[in-house]
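Source file entry_38.tsv; content: TSV, C-alpha atoms.
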chain	number	residue	atom	x	y	z
A	183	MET	CA	149.08	-103.05	-63.80
A	184	THR	CA	151.91	-101.77	-65.94
A	185	LEU	CA	153.96	-104.66	-67.32
A	186	ALA	CA	157.01	-104.08	-69.48
A	187	PRO	CA	156.94	-105.13	-73.16
A	188	GLY	CA	157.49	-108.86	-73.40
A	189	THR	CA	156.34	-109.40	-69.80
A	190	ASP	CA	152.94	-110.94	-69.18
A	191	ARG	CA	153.25	-111.87	-65.51
A	192	LEU	CA	155.10	-111.46	-62.24
A	193	GLU	CA	156.22	-114.58	-60.37
A	194	SER	CA	157.35	-115.59	-56.89
A	195	ALA	CA	158.04	-118.89	-55.18
A	196	ARG	CA	154.37	-119.73	-54.68
A	197	LEU	CA	152.47	-117.27	-56.88
A	198	VAL	CA	151.90	-116.04	-60.41
A	199	LEU	CA	150.46	-112.55	-60.92
A	200	ARG	CA	148.84	-112.03	-64.33
A	201	ARG	CA	146.40	-109.63	-65.89
A	202	ILE	CA	142.78	-110.20	-64.96
A	203	ALA	CA	140.72	-111.83	-67.73
A	204	PRO	CA	136.96	-111.96	-68.46
A	205	ASP	CA	136.91	-115.61	-67.37
A	206	ASP	CA	137.85	-114.49	-63.84
A	207	LEU	CA	134.46	-112.85	-63.33
A	208	ALA	CA	132.91	-115.72	-61.35
A	209	PHE	CA	135.75	-115.73	-58.82
A	210	PHE	CA	135.68	-111.98	-58.26
A	211	THR	CA	131.89	-111.99	-58.01
A	212	ARG	CA	132.19	-114.44	-55.11
A	213	LEU	CA	135.13	-112.60	-53.54
A	214	HIS	CA	133.54	-109.14	-53.62
A	215	ALA	CA	130.30	-110.50	-52.19
A	216	ARG	CA	132.00	-111.82	-49.05
A	217	PRO	CA	131.00	-109.60	-46.08
A	218	GLU	CA	134.44	-109.88	-44.45
A	219	VAL	CA	136.00	-108.63	-47.68
A	220	ALA	CA	133.45	-105.91	-48.43
A	221	GLN	CA	133.65	-104.35	-44.98
A	222	SER	CA	137.21	-103.23	-45.69
A	223	LEU	CA	136.59	-101.85	-49.16
A	224	TYR	CA	133.26	-100.43	-50.18
A	225	PRO	CA	130.87	-97.66	-49.10
A	226	GLY	CA	129.12	-98.77	-45.93
A	227	GLY	CA	130.94	-102.10	-46.09
A	228	ARG	CA	128.26	-103.31	-48.50
A	229	PRO	CA	129.11	-106.31	-50.70
A	230	ARG	CA	129.21	-105.61	-54.42
A	231	SER	CA	126.41	-106.91	-56.60
A	232	PRO	CA	127.22	-109.14	-59.59
A	233	GLU	CA	126.51	-106.18	-61.85
A	234	GLU	CA	128.93	-103.97	-59.92
A	235	VAL	CA	131.64	-106.62	-60.08
A	236	ALA	CA	131.16	-106.98	-63.83
A	237	ALA	CA	131.50	-103.21	-64.20
A	238	TRP	CA	134.66	-103.26	-62.05
A	239	LEU	CA	136.19	-105.99	-64.19
A	240	GLN	CA	135.44	-104.11	-67.40
A	241	ALA	CA	136.93	-100.94	-65.87
A	242	THR	CA	140.04	-102.92	-64.96
A	243	LEU	CA	140.44	-104.19	-68.51
A	244	ALA	CA	139.97	-100.65	-69.83
A	245	SER	CA	142.54	-99.33	-67.36
A	246	TYR	CA	145.11	-101.79	-68.70
A	247	GLU	CA	144.68	-100.23	-72.13
A	248	GLN	CA	144.25	-96.59	-71.19
A	249	LEU	CA	146.64	-96.14	-68.25
A	250	ALA	CA	148.63	-99.40	-68.15
A	251	LEU	CA	147.33	-99.79	-64.60
A	252	GLY	CA	145.05	-102.17	-62.77
A	253	HIS	CA	145.05	-105.03	-60.30
A	254	LEU	CA	146.55	-108.36	-61.32
A	255	ALA	CA	144.98	-111.75	-60.63
A	256	VAL	CA	146.96	-113.71	-58.04
A	257	VAL	CA	147.20	-117.43	-58.86
A	258	ARG	CA	148.62	-120.10	-56.57
A	259	ARG	CA	151.31	-122.09	-58.38
A	260	GLU	CA	150.72	-125.49	-56.81
A	261	ASP	CA	147.17	-125.92	-58.08
A	262	GLY	CA	146.47	-122.96	-60.38
A	263	ALA	CA	143.79	-121.61	-58.05
A	264	LEU	CA	142.87	-117.94	-58.29
A	265	ILE	CA	143.12	-116.59	-54.74
A	266	GLY	CA	143.02	-112.78	-54.96
A	267	ARG	CA	144.16	-109.59	-56.62
A	268	CYS	CA	147.06	-107.20	-56.13
A	269	GLY	CA	148.45	-104.30	-58.11
A	270	LEU	CA	148.65	-100.59	-58.79
A	271	THR	CA	145.57	-98.52	-59.58
A	272	ASP	CA	144.86	-94.89	-60.37
A	273	LEU	CA	143.99	-92.74	-57.33
A	274	VAL	CA	143.21	-89.05	-57.72
A	275	VAL	CA	143.34	-86.81	-54.63
A	276	GLU	CA	142.94	-83.15	-53.89
A	277	THR	CA	146.36	-81.51	-53.96
A	278	THR	CA	145.67	-79.54	-50.78
A	279	ALA	CA	143.31	-80.27	-47.94
A	280	PRO	CA	140.29	-77.96	-47.65
A	281	GLU	CA	140.08	-75.82	-44.54
A	282	HIS	CA	137.08	-77.76	-43.28
A	283	GLY	CA	138.57	-81.26	-43.42
A	284	ILE	CA	140.79	-83.91	-44.99
A	285	ARG	CA	141.58	-84.32	-48.67
A	286	LYS	CA	139.13	-86.20	-50.85
A	287	GLY	CA	140.16	-88.89	-53.31
A	288	TRP	CA	138.63	-90.82	-56.20
A	289	PHE	CA	139.47	-94.20	-57.68
A	290	GLY	CA	139.58	-93.35	-61.37
A	291	ARG	CA	140.12	-90.02	-63.08
A	292	ALA	CA	136.67	-89.87	-64.65
A	293	LYS	CA	135.08	-89.51	-61.20
A	294	ALA	CA	137.25	-86.59	-60.06
A	295	PRO	CA	135.96	-82.99	-60.20
A	296	ALA	CA	137.27	-80.59	-62.79
A	297	ASP	CA	137.35	-77.46	-60.64
A	298	VAL	CA	140.04	-78.30	-58.04
A	299	ALA	CA	143.78	-78.92	-58.14
A	300	LEU	CA	144.37	-82.67	-58.30
A	301	THR	CA	147.26	-85.04	-57.75
A	302	PHE	CA	147.45	-88.38	-59.57
A	303	GLU	CA	149.06	-91.21	-57.63
A	304	TYR	CA	149.59	-94.97	-57.82
A	305	GLU	CA	147.70	-96.88	-55.12
A	306	LEU	CA	149.10	-100.29	-54.16
A	307	GLY	CA	146.18	-102.45	-53.10
A	308	TYR	CA	145.46	-106.11	-52.41
A	309	THR	CA	142.43	-108.28	-51.67
A	310	PHE	CA	142.47	-112.02	-51.02
A	311	ASP	CA	140.04	-114.87	-50.52
A	312	PRO	CA	139.48	-115.29	-46.77
A	313	ALA	CA	140.18	-119.02	-47.25
A	314	VAL	CA	143.88	-118.20	-47.72
A	315	TRP	CA	144.27	-115.47	-45.10
A	316	GLY	CA	147.14	-115.96	-42.70
A	317	GLN	CA	149.27	-118.00	-45.12
A	318	GLY	CA	151.60	-115.21	-46.26
A	319	PHE	CA	150.22	-114.94	-49.80
A	320	ALA	CA	149.36	-111.25	-49.49
A	321	THR	CA	152.87	-110.42	-48.31
A	322	GLU	CA	154.38	-112.45	-51.17
A	323	ALA	CA	152.18	-110.81	-53.82
A	324	VAL	CA	152.77	-107.33	-52.43
A	325	ARG	CA	156.52	-107.91	-52.53
A	326	CYS	CA	156.25	-108.78	-56.24
A	327	VAL	CA	154.34	-105.59	-57.00
A	328	ARG	CA	156.51	-103.42	-54.74
A	329	ASP	CA	159.73	-104.71	-56.32
A	330	TYR	CA	158.35	-104.25	-59.83
A	331	ALA	CA	157.22	-100.70	-59.09
A	332	ARG	CA	160.63	-99.88	-57.63
A	333	ASP	CA	163.00	-101.73	-59.95
A	334	VAL	CA	161.22	-101.70	-63.32
A	335	LEU	CA	158.83	-98.74	-63.22
A	336	LEU	CA	161.35	-96.72	-61.18
A	337	LEU	CA	158.63	-95.08	-59.10
A	338	PRO	CA	159.87	-92.95	-56.20
A	339	TYR	CA	156.81	-93.90	-54.12
A	340	ALA	CA	153.33	-95.39	-54.13
A	341	ILE	CA	150.52	-95.01	-51.61
A	342	SER	CA	147.94	-97.27	-49.97
A	343	ALA	CA	144.49	-96.38	-48.65
A	344	ILE	CA	143.70	-98.61	-45.65
A	345	LEU	CA	140.71	-98.31	-43.33
A	346	PRO	CA	141.78	-97.70	-39.70
A	347	GLN	CA	140.05	-100.91	-38.57
A	348	ASN	CA	141.70	-103.07	-41.26
A	349	ALA	CA	144.57	-104.27	-39.09
A	350	ARG	CA	145.29	-107.26	-41.32
A	351	SER	CA	146.06	-105.13	-44.39
A	352	ARG	CA	148.01	-102.63	-42.32
A	353	ARG	CA	150.24	-105.37	-40.90
A	354	VAL	CA	151.09	-106.56	-44.41
A	355	ALA	CA	152.09	-103.07	-45.47
A	356	GLU	CA	154.05	-102.39	-42.30
A	357	ARG	CA	156.39	-105.27	-43.15
A	358	PHE	CA	157.66	-103.12	-46.02
A	359	GLY	CA	158.36	-99.97	-44.05
A	360	ILE	CA	155.37	-97.88	-45.09
A	361	ARG	CA	154.96	-94.42	-43.57
A	362	ALA	CA	151.69	-93.00	-42.22
A	363	ALA	CA	150.73	-89.82	-44.07
A	364	GLY	CA	147.41	-88.60	-42.68
A	365	GLN	CA	143.97	-89.51	-43.93
A	366	MET	CA	141.78	-89.02	-46.98
A	367	GLU	CA	138.13	-89.52	-47.83
A	368	VAL	CA	137.45	-91.94	-50.68
A	369	VAL	CA	134.08	-93.50	-51.69
A	370	GLY	CA	132.53	-91.84	-48.65
A	371	ARG	CA	134.87	-93.53	-46.15
A	372	THR	CA	137.83	-92.18	-44.23
A	373	PHE	CA	141.01	-94.10	-45.04
A	374	ASP	CA	144.42	-93.88	-43.48
A	375	ARG	CA	146.94	-92.88	-46.14
A	376	TYR	CA	150.30	-94.67	-46.21
A	377	VAL	CA	153.34	-94.00	-48.38
A	378	TRP	CA	155.56	-96.77	-49.76
A	379	PRO	CA	159.12	-95.40	-50.04
A	380	LEU	CA	160.31	-96.95	-53.28
A	381	ALA	CA	163.07	-94.50	-54.29
A	382	GLY	CA	163.37	-96.13	-57.67
A	383	GLY	CA	165.19	-93.24	-59.25
A	384	GLY	CA	162.21	-91.12	-60.25
A	385	ALA	CA	162.32	-91.80	-63.99
A	386	ALA	CA	158.54	-92.21	-64.01
A	387	ARG	CA	156.62	-89.86	-61.74
A	388	PRO	CA	153.60	-91.34	-59.96
A	389	HIS	CA	151.72	-88.07	-59.72
A	390	VAL	CA	151.09	-85.01	-61.79
A	391	ALA	CA	149.56	-81.86	-60.35
A	392	SER	CA	146.67	-80.40	-62.29
A	393	THR	CA	145.25	-76.89	-61.98
A	394	LYS	CA	141.95	-77.41	-63.71

Show me, as structure tokens, the structure contained in the file I just sent.
Amino acid sequence: MTLAPGTDRLESARLVLRRIAPDDLAFFTRLHARPEVAQSLYPGGRPRSPEEVAAWLQATLASYEQLALGHLAVVRREDGALIGRCGLTDLVVETTAPEHGIRKGWFGRAKAPADVALTFEYELGYTFDPAVWGQGFATEAVRCVRDYARDVLLLPYAISAILPQNARSRRVAERFGIRAAGQMEVVGRTFDRYVWPLAGGGAARPHVASTK
């Protein structure tokens, strides 16, 4: 995720959020293989293979360099344990919905088509180890990212893609006053689209329309 020059982490009372590193691969391989995690994220709810996780991590590292975006590793202060990820990623969506259905979206610009008008947005996402669910860590990490996006990046808004059945993630977001904004199809699944009203002054726009 974008971090200002001289800043290498975000911190809260119980957490440190830092850039993901190659040494984190083993943790994320385990996390993304958990069925209860995968069912809320991936096509068909299928767990990611070790090879897919390795590709995701490399794409995250590349996104830091190319777009200054990407999830951050969430580390628990008291014992240094890595417990999840949270941050802003690149989400590309059709600017207008087709007549036959909802707008389509793609995580990553390289996957988007070149023959439709596109909108580029920041997606605020979070995934945590089930062992720490229900302890408020997701809410605490999300607050760090939300405040940074609003106060440092000066974004007017961000969005989140949450599956309708993922009540746990929706409850976290609802604590921050998110607004429902229809649905979109991403990775072959229909997600509810939510808008985070940041109103950070608009100095950095989170989306740019393209008429390719």

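With distances taken over all atoms listed in the file, A:Arg285 is the one residue among A:Arg285, A:Arg228, A:Arg191, A:His214 lying closest to Gly364 of chain A.
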
With 12 Å as the cut-off and only C-alpha atoms counted, what is the closest atom pair between each nearby residue of segment 313-389 of chain A and segment 243-264 of chain A? Distances in Å to one decimal, ordered by chain and number, as CSV.
residue,atom,partner,partner_atom,distance
A:Ala313,CA,A:Leu264,CA,11.4
A:Val314,CA,A:Arg258,CA,10.2
A:Gln317,CA,A:Arg258,CA,11.7
A:Gly318,CA,A:Arg258,CA,11.8
A:Phe319,CA,A:Arg258,CA,8.7
A:Ala320,CA,A:Val256,CA,9.2
A:Thr321,CA,A:Val256,CA,11.9
A:Glu322,CA,A:Val256,CA,10.2
A:Ala323,CA,A:Val256,CA,7.3
A:Val324,CA,A:Val256,CA,10.3
A:Cys326,CA,A:Val256,CA,10.7
A:Val327,CA,A:Leu254,CA,9.3
A:Ala331,CA,A:Leu251,CA,11.4
A:Leu335,CA,A:Ala250,CA,11.3
A:Pro388,CA,A:Leu251,CA,11.5

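One finds atom CA of Ser231 of chain A at 6.9 Å from atom CA of Ala215 of chain A.
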
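Taking atom CA of Leu345 of chain A as the reference point, atom CA of Pro204 of chain A is found at 28.8 Å.
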
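If you look at atom CA of Gln240 of chain A and atom CA of Arg212 of chain A, they are 16.4 Å away from each other.
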
Smallest atom-to-atom distance to Arg328 of chain A: which of A:Leu270, A:Ala203, A:Ala208, A:Ile284, using only C-alpha atoms? A:Leu270
